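Containing mmCIF, C-alpha atoms: structure-v3.cif.
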data_input
loop_
_atom_site.group_PDB
_atom_site.id
_atom_site.type_symbol
_atom_site.label_atom_id
_atom_site.label_comp_id
_atom_site.auth_asym_id
_atom_site.auth_seq_id
_atom_site.Cartn_x
_atom_site.Cartn_y
_atom_site.Cartn_z
ATOM 1 C CA MET A 284 -34.218 -6.141 -126.128
ATOM 2 C CA SER A 285 -34.120 -7.779 -122.703
ATOM 3 C CA LYS A 286 -37.174 -8.628 -120.650
ATOM 4 C CA HIS A 287 -38.085 -6.463 -117.676
ATOM 5 C CA ALA A 288 -39.543 -7.457 -114.315
ATOM 6 C CA TYR A 289 -42.210 -5.309 -112.707
ATOM 7 C CA LEU A 290 -42.239 -5.712 -108.934
ATOM 8 C CA LEU A 291 -45.596 -4.717 -107.437
ATOM 9 C CA LEU A 292 -45.766 -4.118 -103.688
ATOM 10 C CA ASN A 293 -49.521 -3.797 -103.281
ATOM 11 C CA HIS A 294 -52.217 -3.113 -100.716
ATOM 12 C CA GLY A 295 -55.746 -2.282 -101.885
ATOM 13 C CA ASN A 296 -56.503 0.340 -104.557
ATOM 14 C CA HIS A 297 -57.477 -2.516 -106.871
ATOM 15 C CA LEU A 298 -58.859 -0.546 -109.808
ATOM 16 C CA VAL A 299 -55.590 1.356 -110.166
ATOM 17 C CA VAL A 300 -53.591 -1.865 -109.836
ATOM 18 C CA GLU A 301 -55.670 -3.542 -112.540
ATOM 19 C CA ALA A 302 -55.102 -0.586 -114.854
ATOM 20 C CA CYS A 303 -51.372 -0.714 -114.138
ATOM 21 C CA ILE A 304 -51.211 -4.422 -114.953
ATOM 22 C CA ARG A 305 -53.042 -3.864 -118.234
ATOM 23 C CA MET A 306 -50.586 -1.074 -119.083
ATOM 24 C CA ILE A 307 -47.515 -3.239 -118.476
ATOM 25 C CA ASP A 308 -48.986 -6.451 -119.925
ATOM 26 C CA ASP A 309 -46.455 -6.855 -122.723
ATOM 27 C CA PRO A 310 -44.444 -9.801 -124.115
ATOM 28 C CA ARG A 311 -41.278 -8.066 -122.916
ATOM 29 C CA ASN A 312 -42.399 -7.944 -119.268
ATOM 30 C CA ASP A 313 -43.129 -10.292 -116.388
ATOM 31 C CA ILE A 314 -45.009 -9.173 -113.276
ATOM 32 C CA PHE A 315 -44.307 -10.144 -109.669
ATOM 33 C CA VAL A 316 -46.825 -9.241 -106.965
ATOM 34 C CA LEU A 317 -46.378 -9.163 -103.195
ATOM 35 C CA ALA A 318 -49.523 -8.516 -101.174
ATOM 36 C CA ASP A 319 -50.920 -9.365 -97.751
ATOM 37 C CA GLN A 320 -52.183 -12.922 -97.385
ATOM 38 C CA GLU A 321 -55.841 -11.877 -97.437
ATOM 39 C CA GLU A 322 -55.342 -10.276 -100.877
ATOM 40 C CA ARG A 323 -53.388 -13.065 -102.580
ATOM 41 C CA SER A 324 -56.472 -14.878 -103.841
ATOM 42 C CA TYR A 325 -57.611 -11.645 -105.546
ATOM 43 C CA TYR A 326 -54.296 -11.259 -107.369
ATOM 44 C CA SER A 327 -54.159 -14.944 -108.245
ATOM 45 C CA GLN A 328 -57.384 -14.508 -110.234
ATOM 46 C CA LEU A 329 -56.082 -11.638 -112.374
ATOM 47 C CA LYS A 330 -55.411 -12.588 -115.978
ATOM 48 C CA THR A 331 -52.761 -11.235 -118.304
ATOM 49 C CA GLN A 332 -52.589 -11.657 -122.064
ATOM 50 C CA TYR A 333 -48.832 -11.450 -122.648
ATOM 51 C CA SER A 334 -46.919 -11.185 -119.359
ATOM 52 C CA LYS A 335 -46.368 -13.934 -116.836
ATOM 53 C CA ILE A 336 -47.774 -12.872 -113.458
ATOM 54 C CA VAL A 337 -46.380 -14.392 -110.271
ATOM 55 C CA VAL A 338 -48.010 -13.855 -106.875
ATOM 56 C CA LEU A 339 -45.455 -14.438 -104.132
ATOM 57 C CA ASP A 340 -46.328 -16.921 -101.409
ATOM 58 C CA THR A 341 -44.352 -15.589 -98.464
ATOM 59 C CA ASN A 342 -44.757 -15.343 -94.722
ATOM 60 C CA VAL A 343 -43.535 -11.736 -94.712
ATOM 61 C CA LYS A 344 -46.237 -9.568 -93.124
ATOM 62 C CA ILE A 345 -45.810 -6.091 -94.566
ATOM 63 C CA THR A 346 -45.899 -3.387 -91.898
ATOM 64 C CA TRP A 347 -45.579 0.373 -92.382
ATOM 65 C CA CYS A 348 -42.037 1.558 -91.586
ATOM 66 C CA GLY A 349 -41.164 -1.999 -90.521
ATOM 67 C CA THR A 350 -40.997 -5.013 -92.816
ATOM 68 C CA ILE A 351 -41.604 -3.181 -96.098
ATOM 69 C CA TRP A 352 -37.907 -3.576 -96.907
ATOM 70 C CA GLU A 353 -38.221 -7.354 -96.526
ATOM 71 C CA GLY A 354 -41.078 -7.348 -99.037
ATOM 72 C CA MET A 355 -38.934 -5.389 -101.489
ATOM 73 C CA PHE A 356 -36.098 -7.858 -100.995
ATOM 74 C CA GLU A 357 -38.373 -10.875 -101.528
ATOM 75 C CA LEU A 358 -39.617 -9.389 -104.798
ATOM 76 C CA ILE A 359 -36.061 -8.836 -106.025
ATOM 77 C CA LYS A 360 -34.990 -12.298 -104.871
ATOM 78 C CA THR A 361 -37.877 -14.074 -106.607
ATOM 79 C CA ALA A 362 -37.618 -12.131 -109.862
ATOM 80 C CA SER A 363 -33.810 -12.269 -110.004
ATOM 81 C CA LYS A 364 -33.954 -15.969 -110.890
ATOM 82 C CA GLY A 365 -35.073 -14.842 -114.348
ATOM 83 C CA HIS A 366 -32.100 -12.485 -114.893
ATOM 84 C CA TYR A 367 -34.162 -9.593 -116.263
ATOM 85 C CA GLY A 368 -32.602 -6.560 -117.880
ATOM 86 C CA TYR A 369 -34.235 -4.171 -115.396
ATOM 87 C CA TYR A 370 -36.418 -4.482 -112.319
ATOM 88 C CA HIS A 371 -38.980 -1.715 -111.636
ATOM 89 C CA LEU A 372 -40.578 -1.374 -108.187
ATOM 90 C CA LEU A 373 -44.133 0.003 -108.151
ATOM 91 C CA SER A 374 -46.811 0.255 -105.472
ATOM 92 C CA GLU A 375 -50.579 0.008 -105.721
ATOM 93 C CA SER A 376 -50.722 3.764 -106.391
ATOM 94 C CA ASP A 377 -48.130 3.881 -109.202
ATOM 95 C CA LEU A 378 -48.559 3.899 -112.977
ATOM 96 C CA PRO A 379 -46.260 4.032 -115.989
ATOM 97 C CA ILE A 380 -46.521 7.366 -117.782
ATOM 98 C CA LYS A 381 -44.618 6.381 -120.915
ATOM 99 C CA SER A 382 -45.302 3.565 -123.353
ATOM 100 C CA GLN A 383 -43.564 0.224 -122.945
ATOM 101 C CA ASP A 384 -41.692 0.971 -126.156
ATOM 102 C CA ALA A 385 -40.304 4.150 -124.600
ATOM 103 C CA ILE A 386 -39.492 2.457 -121.281
ATOM 104 C CA HIS A 387 -37.632 -0.429 -122.931
ATOM 105 C CA ASP A 388 -35.876 1.892 -125.344
ATOM 106 C CA PHE A 389 -34.534 4.045 -122.505
ATOM 107 C CA PHE A 390 -33.421 1.332 -120.086
ATOM 108 C CA ASP A 391 -32.252 -1.266 -122.609
ATOM 109 C CA ASN A 392 -30.098 1.272 -124.409
ATOM 110 C CA ASP A 393 -28.398 2.666 -121.310
ATOM 111 C CA PRO A 394 -24.738 1.823 -122.065
ATOM 112 C CA ASP A 395 -23.715 2.088 -118.411
ATOM 113 C CA GLN A 396 -26.714 0.174 -116.993
ATOM 114 C CA MET A 397 -27.181 2.790 -114.292
ATOM 115 C CA ILE A 398 -29.104 2.300 -111.049
ATOM 116 C CA TYR A 399 -32.095 4.643 -111.072
ATOM 117 C CA MET A 400 -32.692 5.187 -107.377
ATOM 118 C CA HIS A 401 -32.625 8.351 -105.316
ATOM 119 C CA VAL A 402 -29.907 8.834 -102.702
ATOM 120 C CA ASN A 403 -29.939 11.869 -100.440
ATOM 121 C CA ARG A 404 -26.869 14.043 -100.801
ATOM 122 C CA LEU A 405 -26.419 14.052 -97.019
ATOM 123 C CA THR A 406 -26.833 11.279 -94.461
ATOM 124 C CA PHE A 407 -28.885 12.508 -91.532
ATOM 125 C CA LYS A 408 -28.269 11.679 -87.877
ATOM 126 C CA GLU A 409 -31.809 10.335 -87.419
ATOM 127 C CA ILE A 410 -31.237 7.880 -90.281
ATOM 128 C CA GLN A 411 -28.253 6.447 -88.431
ATOM 129 C CA GLU A 412 -30.169 6.231 -85.154
ATOM 130 C CA ARG A 413 -33.139 4.337 -86.535
ATOM 131 C CA VAL A 414 -30.835 1.508 -87.665
ATOM 132 C CA MET A 415 -28.335 1.475 -84.769
ATOM 133 C CA THR A 416 -30.638 -0.619 -82.581
ATOM 134 C CA ASN A 417 -33.826 -2.670 -82.749
ATOM 135 C CA TYR A 418 -36.798 -0.319 -82.995
ATOM 136 C CA PRO A 419 -39.643 -1.397 -80.681
ATOM 137 C CA PHE A 420 -43.353 -1.688 -81.534
ATOM 138 C CA LEU A 421 -42.845 -1.635 -85.320
ATOM 139 C CA ASN A 422 -45.120 -4.622 -85.842
ATOM 140 C CA SER A 423 -47.891 -3.247 -83.668
ATOM 141 C CA PRO A 424 -50.961 -2.301 -85.740
ATOM 142 C CA ARG A 425 -51.207 0.859 -83.617
ATOM 143 C CA PHE A 426 -47.684 2.094 -84.330
ATOM 144 C CA ARG A 427 -48.588 4.040 -87.461
ATOM 145 C CA ILE A 428 -51.450 5.964 -85.854
ATOM 146 C CA SER A 429 -50.329 6.300 -82.229
ATOM 147 C CA LYS A 430 -48.170 9.337 -81.448
ATOM 148 C CA PRO A 431 -47.593 8.192 -77.820
ATOM 149 C CA LEU A 432 -46.381 4.791 -79.030
ATOM 150 C CA LYS A 433 -44.030 6.429 -81.538
ATOM 151 C CA ALA A 434 -42.719 8.761 -78.848
ATOM 152 C CA LEU A 435 -42.118 5.864 -76.454
ATOM 153 C CA ALA A 436 -40.338 3.868 -79.149
ATOM 154 C CA LEU A 437 -38.055 6.804 -79.979
ATOM 155 C CA ALA A 438 -37.283 7.390 -76.289
ATOM 156 C CA LEU A 439 -36.312 3.735 -75.820
ATOM 157 C CA VAL A 440 -34.101 3.839 -78.915
ATOM 158 C CA LYS A 441 -32.288 6.965 -77.726
ATOM 159 C CA LEU A 442 -31.846 5.407 -74.288
ATOM 160 C CA LYS A 443 -30.251 2.276 -75.760
ATOM 161 C CA ILE A 444 -27.951 4.381 -77.948
ATOM 162 C CA PHE A 445 -26.987 6.471 -74.903
ATOM 163 C CA PHE A 446 -25.850 3.288 -73.166
ATOM 164 C CA GLY A 447 -23.725 2.308 -76.149
ATOM 165 C CA VAL A 448 -25.943 -0.007 -78.201
ATOM 166 C CA ASN A 449 -24.895 0.200 -81.854
ATOM 167 C CA ARG A 450 -25.518 -2.716 -84.203
ATOM 168 C CA LEU A 451 -23.566 -0.885 -86.944
ATOM 169 C CA LYS A 452 -20.355 -0.663 -84.903
ATOM 170 C CA ASP A 453 -18.596 -3.700 -86.377
ATOM 171 C CA ASN A 454 -20.365 -3.703 -89.747
ATOM 172 C CA LYS A 455 -17.453 -3.494 -92.164
ATOM 173 C CA GLU A 456 -19.550 -3.940 -95.311
ATOM 174 C CA ILE A 457 -22.072 -1.194 -94.507
ATOM 175 C CA PRO A 458 -20.146 1.267 -92.309
ATOM 176 C CA VAL A 459 -22.115 4.309 -93.526
ATOM 177 C CA LEU A 460 -25.866 4.576 -94.097
ATOM 178 C CA TYR A 461 -27.525 6.370 -96.998
ATOM 179 C CA ASN A 462 -31.211 6.949 -97.634
ATOM 180 C CA GLY A 463 -33.657 8.195 -100.245
ATOM 181 C CA TRP A 464 -36.889 7.351 -102.065
ATOM 182 C CA ASN A 465 -37.484 3.602 -102.036
ATOM 183 C CA TRP A 466 -38.837 3.401 -105.625
ATOM 184 C CA PHE A 467 -36.264 2.108 -108.083
ATOM 185 C CA SER A 468 -35.340 0.735 -111.476
ATOM 186 C CA ILE A 469 -32.252 -1.457 -111.140
ATOM 187 C CA PRO A 470 -30.232 -3.579 -113.610
ATOM 188 C CA ASP A 471 -29.697 -7.314 -113.251
ATOM 189 C CA ASP A 472 -26.133 -7.298 -111.941
ATOM 190 C CA PHE A 473 -27.142 -5.090 -109.013
ATOM 191 C CA ALA A 474 -30.233 -7.227 -108.357
ATOM 192 C CA GLN A 475 -28.001 -10.319 -108.205
ATOM 193 C CA TYR A 476 -25.630 -8.499 -105.846
ATOM 194 C CA VAL A 477 -28.537 -7.568 -103.548
ATOM 195 C CA VAL A 478 -29.674 -11.194 -103.345
ATOM 196 C CA SER A 479 -26.122 -12.366 -102.614
ATOM 197 C CA LYS A 480 -26.097 -10.104 -99.534
ATOM 198 C CA GLU A 481 -29.266 -11.524 -97.959
ATOM 199 C CA GLN A 482 -27.611 -12.506 -94.676
ATOM 200 C CA LEU A 483 -25.870 -9.132 -94.357
ATOM 201 C CA LEU A 484 -29.102 -7.244 -95.052
ATOM 202 C CA HIS A 485 -31.089 -9.151 -92.428
ATOM 203 C CA HIS A 486 -28.296 -8.712 -89.893
ATOM 204 C CA THR A 487 -28.190 -4.974 -90.541
ATOM 205 C CA PHE A 488 -31.829 -4.020 -91.100
ATOM 206 C CA ASP A 489 -34.143 -6.471 -89.329
ATOM 207 C CA HIS A 490 -36.366 -4.724 -86.733
ATOM 208 C CA THR A 491 -35.269 -1.239 -87.804
ATOM 209 C CA LEU A 492 -37.358 1.798 -88.718
ATOM 210 C CA SER A 493 -38.097 2.702 -92.360
ATOM 211 C CA SER A 494 -35.278 0.606 -93.783
ATOM 212 C CA ASP A 495 -37.158 0.445 -97.092
ATOM 213 C CA GLU A 496 -35.628 3.905 -97.632
ATOM 214 C CA VAL A 497 -32.157 2.840 -96.487
ATOM 215 C CA PHE A 498 -31.128 -0.742 -97.283
ATOM 216 C CA LEU A 499 -30.615 -0.556 -101.049
ATOM 217 C CA GLN A 500 -29.037 2.899 -100.967
ATOM 218 C CA SER A 501 -26.638 1.824 -98.214
ATOM 219 C CA LEU A 502 -25.721 -1.440 -99.917
ATOM 220 C CA ALA A 503 -25.050 0.272 -103.248
ATOM 221 C CA MET A 504 -23.142 3.259 -101.888
ATOM 222 C CA ASN A 505 -20.802 1.046 -99.862
ATOM 223 C CA SER A 506 -19.910 -1.040 -102.920
ATOM 224 C CA LYS A 507 -18.530 -0.757 -106.434
ATOM 225 C CA PHE A 508 -22.058 0.145 -107.572
ATOM 226 C CA ARG A 509 -21.866 3.638 -106.034
ATOM 227 C CA TYR A 510 -20.402 4.923 -109.312
ATOM 228 C CA ARG A 511 -23.508 3.787 -111.185
ATOM 229 C CA MET A 512 -26.035 5.603 -108.990
ATOM 230 C CA TYR A 513 -27.760 7.815 -111.532
ATOM 231 C CA GLY A 514 -28.351 11.343 -110.298
ATOM 232 C CA TYR A 515 -25.995 11.168 -107.306
ATOM 233 C CA ASP A 516 -24.357 14.371 -108.424
ATOM 234 C CA GLY A 517 -24.790 16.737 -105.493
ATOM 235 C CA LYS A 518 -28.013 18.266 -106.826
ATOM 236 C CA ASP A 519 -30.248 15.891 -104.854
ATOM 237 C CA ASN A 520 -33.013 15.674 -107.454
ATOM 238 C CA PRO A 521 -35.056 12.581 -106.474
ATOM 239 C CA THR A 522 -37.385 12.837 -109.473
ATOM 240 C CA ASN A 523 -34.504 12.774 -111.929
ATOM 241 C CA ALA A 524 -32.578 10.084 -110.038
ATOM 242 C CA SER A 525 -35.492 7.651 -109.851
ATOM 243 C CA LYS A 526 -37.230 8.643 -113.114
ATOM 244 C CA ARG A 527 -40.454 8.889 -111.117
ATOM 245 C CA LEU A 528 -42.813 11.849 -111.150
ATOM 246 C CA ILE A 529 -43.758 12.509 -107.531
ATOM 247 C CA TRP A 530 -44.897 15.873 -106.234
ATOM 248 C CA SER A 531 -45.175 16.716 -102.568
ATOM 249 C CA SER A 532 -45.921 19.672 -100.360
ATOM 250 C CA GLN A 533 -42.795 21.003 -98.672
ATOM 251 C CA SER A 534 -44.850 21.681 -95.546
ATOM 252 C CA THR A 535 -46.096 18.087 -95.104
ATOM 253 C CA TRP A 536 -43.892 16.070 -97.545
ATOM 254 C CA ARG A 537 -47.007 14.087 -98.423
ATOM 255 C CA PRO A 538 -47.146 13.084 -102.085
ATOM 256 C CA HIS A 539 -49.678 14.852 -104.265
ATOM 257 C CA ILE A 540 -52.569 12.671 -105.480
ATOM 258 C CA MET A 541 -52.934 12.948 -109.232
ATOM 259 C CA THR A 542 -56.222 14.013 -110.860
ATOM 260 C CA LYS A 543 -57.438 14.687 -114.390
ATOM 261 C CA ASP A 544 -56.148 18.246 -113.989
ATOM 262 C CA ASP A 545 -52.610 16.822 -113.940
ATOM 263 C CA TYR A 546 -52.999 14.829 -117.155
ATOM 264 C CA GLN A 547 -51.357 17.278 -119.542
ATOM 265 C CA THR A 548 -48.505 18.024 -117.151
ATOM 266 C CA ILE A 549 -47.821 14.296 -116.876
ATOM 267 C CA ARG A 550 -47.934 13.839 -120.660
ATOM 268 C CA ASP A 551 -45.626 16.817 -121.183
ATOM 269 C CA ASP A 552 -42.982 15.457 -118.818
ATOM 270 C CA LYS A 553 -39.872 14.408 -120.763
ATOM 271 C CA ASN A 554 -37.819 12.983 -117.909
ATOM 272 C CA CYS A 555 -39.889 10.422 -115.970
ATOM 273 C CA TYR A 556 -41.235 6.992 -116.844
ATOM 274 C CA PHE A 557 -43.469 6.341 -113.817
ATOM 275 C CA ALA A 558 -45.597 8.470 -111.503
ATOM 276 C CA ARG A 559 -47.464 8.318 -108.213
ATOM 277 C CA LYS A 560 -49.902 8.645 -106.499
ATOM 278 C CA PHE A 561 -53.158 7.626 -108.143
ATOM 279 C CA TYR A 562 -56.190 6.605 -106.064
ATOM 280 C CA GLU A 563 -59.431 5.067 -107.253
ATOM 281 C CA ASP A 564 -61.390 6.948 -104.583
ATOM 282 C CA THR A 565 -59.964 10.305 -105.694
ATOM 283 C CA ASP A 566 -60.007 10.309 -109.488
ATOM 284 C CA LEU A 567 -60.217 7.359 -111.876
ATOM 285 C CA GLU A 568 -60.527 9.578 -114.935
ATOM 286 C CA ILE A 569 -56.808 10.358 -114.931
ATOM 287 C CA VAL A 570 -56.080 6.615 -114.726
ATOM 288 C CA SER A 571 -58.396 5.824 -117.640
ATOM 289 C CA LYS A 572 -56.943 8.603 -119.792
ATOM 290 C CA LEU A 573 -53.392 7.414 -119.225
ATOM 291 C CA GLU A 574 -54.335 3.803 -119.912
ATOM 292 C CA LYS A 575 -56.013 4.698 -123.217
ATOM 293 C CA THR A 576 -52.975 6.726 -124.230
ATOM 294 C CA LEU A 577 -50.346 4.145 -123.271
ATOM 295 C CA LYS A 578 -51.536 0.789 -124.565
ATOM 296 C CA PRO A 579 -48.680 -1.749 -124.609
ATOM 297 C CA SER A 580 -47.414 -2.441 -128.103
ATOM 298 C CA GLY A 581 -48.364 -6.106 -127.758
ATOM 299 C CA ASN A 582 -51.998 -5.098 -127.356
ATOM 300 C CA ASN A 583 -52.231 -3.026 -130.510
#
Rendering of file as structure tokens:
Amino acid sequence: MSKHAYLLLNHGNHLVVEACIRMIDDPRNDIFVLADQEERSYYSQLKTQYSKIVVLDTNVKITWCGTIWEGMFELIKTASKGHYGYYHLLSESDLPIKSQDAIHDFFDNDPDQMIYMHVNRLTFKEIQERVMTNYPFLNSPRFRISKPLKALALALVKLKIFFGVNRLKDNKEIPVLYNGWNWFSIPDDFAQYVVSKEQLLHHTFDHTLSSDEVFLQSLAMNSKFRYRMYGYDGKDNPTNASKRLIWSSQSTWRPHIMTKDDYQTIRDDKNCYFARKFYEDTDLEIVSKLEKTLKPSGNN
């Protein structure tokens, strides 16, 4: 069996993160953590029994809808030096919902080494527009909560596009954009390919909106890897494609927060290997129950 890399893109929610790390602490795994500078000392103090844990020292300041994609790239780039069998991206509100034995058995025995990452069946006009030109105010701390600032940013983007600004115009390697859920499990050869395209990715996606949901999908679908995108079969089933259990309301598209009432449904699921969202302020009982059920084999 090959070793796996867990890539944790974290902000707060420490009790859930600690439970997650205990659940993936296994001789077959290494853990890579990217967090804001003020949280790095906290993660540096966490101890693991079996897995190596690496806290990235990077100048990337993670911003909502802005530089998240750069954080994802830095995690892949750092971990890829170890040539792991698979790389799994998790956030501070994610947990594994199968044992490490089951996770390794599934991914290590995939004969085609598929890329488990959701890609929307259709590419939407607004996805193209948010990458065609630099998106203003993304790094402002007010951008996420200010509707007037978002409206002004969108108006400026549409104005620039109206006057012919299009950074994608001469991009021969990524002529078409694709998007989907940003959570993934990817094999080593694709991870190495991603890292090899660092200059292209920065040229295409720096200062653009929500490229964490676009850059990997677009890179893969415009390459030989498009034929290994698991679940890209016209059915547009993001849960199946990513192997992640995520429920959301169709009226708000906000992910459901798991509670103890969801425990049996999670345990009965036969398709997914990870789930989100779990929050310490909402319900820690579900987290504790899953942790007790899914002890890594190295801890038995």
Evaluate the PyMOL selection byres ((chain A and resi 410) around 10) and report residues as an MDAnalysis selection string: chainID A and resid 406:409 411:415 460:462 492:494 496:497
On this structure, which residues satisfy the PyMOL selection byres ((chain A and resi 321) around 12), written as a compact mmCIF listing (two decimals) with C-alpha atoms, keeping the file's coordinate frame?
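Saved result, part_16.txt, follows:
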# COMPACT_ATOMS: atom_id res chain seq x y z
CA ASN A 293 -49.52 -3.80 -103.28
CA HIS A 294 -52.22 -3.11 -100.72
CA GLY A 295 -55.75 -2.28 -101.88
CA LEU A 317 -46.38 -9.16 -103.20
CA ALA A 318 -49.52 -8.52 -101.17
CA ASP A 319 -50.92 -9.36 -97.75
CA GLN A 320 -52.18 -12.92 -97.38
CA GLU A 322 -55.34 -10.28 -100.88
CA ARG A 323 -53.39 -13.06 -102.58
CA SER A 324 -56.47 -14.88 -103.84
CA TYR A 325 -57.61 -11.64 -105.55
CA TYR A 326 -54.30 -11.26 -107.37
CA SER A 327 -54.16 -14.94 -108.24
CA ASP A 340 -46.33 -16.92 -101.41
CA ASN A 342 -44.76 -15.34 -94.72
CA LYS A 344 -46.24 -9.57 -93.12
CA ILE A 345 -45.81 -6.09 -94.57
A:Asn465 surroundings by all atoms listed in the file, 9 Å radius, close-in-sequence under 2 positions cut, as a PyMOL selection string: chain A and resi 352+372+400-401+462-463+467+495-497+499-500
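Between atom CA of A:Trp530 and atom CA of A:Tyr546 there is a distance of 13.6 Å.
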Box centre and edge lengths (Å, one decimal), axis-aligned, stretch 420-434 of chain A plus 8 Å each side, as JSON:
{"center_x": -47.1, "center_y": 2.4, "center_z": -82.6, "size_x": 24.7, "size_y": 30.0, "size_z": 25.6}
Determine the residue membership of the PyMOL selection byres ((chain A and resi 395) around 12) for the file above and supply it as a PDB file with C-alpha atoms, in the coordinates of the input.
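Final file, out_1.pdb:
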ATOM      1  CA  PHE A 389     -34.534   4.045-122.505  1.00  0.00           C
ATOM      2  CA  PHE A 390     -33.421   1.332-120.086  1.00  0.00           C
ATOM      3  CA  ASP A 391     -32.252  -1.266-122.609  1.00  0.00           C
ATOM      4  CA  ASN A 392     -30.098   1.272-124.409  1.00  0.00           C
ATOM      5  CA  ASP A 393     -28.398   2.666-121.310  1.00  0.00           C
ATOM      6  CA  PRO A 394     -24.738   1.823-122.065  1.00  0.00           C
ATOM      7  CA  GLN A 396     -26.714   0.174-116.993  1.00  0.00           C
ATOM      8  CA  MET A 397     -27.181   2.790-114.292  1.00  0.00           C
ATOM      9  CA  ILE A 398     -29.104   2.300-111.049  1.00  0.00           C
ATOM     10  CA  TYR A 399     -32.095   4.643-111.072  1.00  0.00           C
ATOM     11  CA  ILE A 469     -32.252  -1.457-111.140  1.00  0.00           C
ATOM     12  CA  PRO A 470     -30.232  -3.579-113.610  1.00  0.00           C
ATOM     13  CA  ASP A 472     -26.133  -7.298-111.941  1.00  0.00           C
ATOM     14  CA  PHE A 508     -22.058   0.145-107.572  1.00  0.00           C
ATOM     15  CA  TYR A 510     -20.402   4.923-109.312  1.00  0.00           C
ATOM     16  CA  ARG A 511     -23.508   3.787-111.185  1.00  0.00           C
ATOM     17  CA  MET A 512     -26.035   5.603-108.990  1.00  0.00           C
ATOM     18  CA  TYR A 513     -27.760   7.815-111.532  1.00  0.00           C
TER      19      TYR A 513
END
Nearest to A:Leu298 by atom-to-atom distance, counting only C-alpha atoms, from A:Leu437, A:Leu378, A:Ala524, A:Ala362: A:Leu378
Surrounding residues of stretch 569-571 of chain A excluding itself and chain neighbours under 5 positions, 12 Å, only C-alpha atoms, as number ranges by chain: A: 296, 298-303, 305-306, 376-380, 540-550, 558-564, 576-578
Requested write-out: C-alpha atoms of the selected residues, as a PDB file, keeping the file's coordinate frame:
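See out13.pdb below for the written result:
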ATOM      1  CA  ASN A 296     -56.503   0.340-104.557  1.00  0.00           C
ATOM      2  CA  LEU A 298     -58.859  -0.546-109.808  1.00  0.00           C
ATOM      3  CA  VAL A 299     -55.590   1.356-110.166  1.00  0.00           C
ATOM      4  CA  VAL A 300     -53.591  -1.865-109.836  1.00  0.00           C
ATOM      5  CA  GLU A 301     -55.670  -3.542-112.540  1.00  0.00           C
ATOM      6  CA  ALA A 302     -55.102  -0.586-114.854  1.00  0.00           C
ATOM      7  CA  CYS A 303     -51.372  -0.714-114.138  1.00  0.00           C
ATOM      8  CA  ARG A 305     -53.042  -3.864-118.234  1.00  0.00           C
ATOM      9  CA  MET A 306     -50.586  -1.074-119.083  1.00  0.00           C
ATOM     10  CA  SER A 376     -50.722   3.764-106.391  1.00  0.00           C
ATOM     11  CA  ASP A 377     -48.130   3.881-109.202  1.00  0.00           C
ATOM     12  CA  LEU A 378     -48.559   3.899-112.977  1.00  0.00           C
ATOM     13  CA  PRO A 379     -46.260   4.032-115.989  1.00  0.00           C
ATOM     14  CA  ILE A 380     -46.521   7.366-117.782  1.00  0.00           C
ATOM     15  CA  ILE A 540     -52.569  12.671-105.480  1.00  0.00           C
ATOM     16  CA  MET A 541     -52.934  12.948-109.232  1.00  0.00           C
ATOM     17  CA  THR A 542     -56.222  14.013-110.860  1.00  0.00           C
ATOM     18  CA  LYS A 543     -57.438  14.687-114.390  1.00  0.00           C
ATOM     19  CA  ASP A 544     -56.148  18.246-113.989  1.00  0.00           C
ATOM     20  CA  ASP A 545     -52.610  16.822-113.940  1.00  0.00           C
ATOM     21  CA  TYR A 546     -52.999  14.829-117.155  1.00  0.00           C
ATOM     22  CA  GLN A 547     -51.357  17.278-119.542  1.00  0.00           C
ATOM     23  CA  THR A 548     -48.505  18.024-117.151  1.00  0.00           C
ATOM     24  CA  ILE A 549     -47.821  14.296-116.876  1.00  0.00           C
ATOM     25  CA  ARG A 550     -47.934  13.839-120.660  1.00  0.00           C
ATOM     26  CA  ALA A 558     -45.597   8.470-111.503  1.00  0.00           C
ATOM     27  CA  ARG A 559     -47.464   8.318-108.213  1.00  0.00           C
ATOM     28  CA  LYS A 560     -49.902   8.645-106.499  1.00  0.00           C
ATOM     29  CA  PHE A 561     -53.158   7.626-108.143  1.00  0.00           C
ATOM     30  CA  TYR A 562     -56.190   6.605-106.064  1.00  0.00           C
ATOM     31  CA  GLU A 563     -59.431   5.067-107.253  1.00  0.00           C
ATOM     32  CA  ASP A 564     -61.390   6.948-104.583  1.00  0.00           C
ATOM     33  CA  THR A 576     -52.975   6.726-124.230  1.00  0.00           C
ATOM     34  CA  LEU A 577     -50.346   4.145-123.271  1.00  0.00           C
ATOM     35  CA  LYS A 578     -51.536   0.789-124.565  1.00  0.00           C
TER      36      LYS A 578
END
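You will find atom CA of A:Phe498 at 24.2 Å from atom CA of A:Val337.
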Residues within 12 Å of stretch 438-454 of chain A, only C-alpha atoms, excluding chain neighbours under 4 positions, as a PyMOL selection string: chain A and resi 408-409+411-420+431-434+458-460+483-492+501-502+505
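The two atoms in question, atom CA of A:Ala288 and atom CA of A:Lys575, are spaced 22.3 Å apart.
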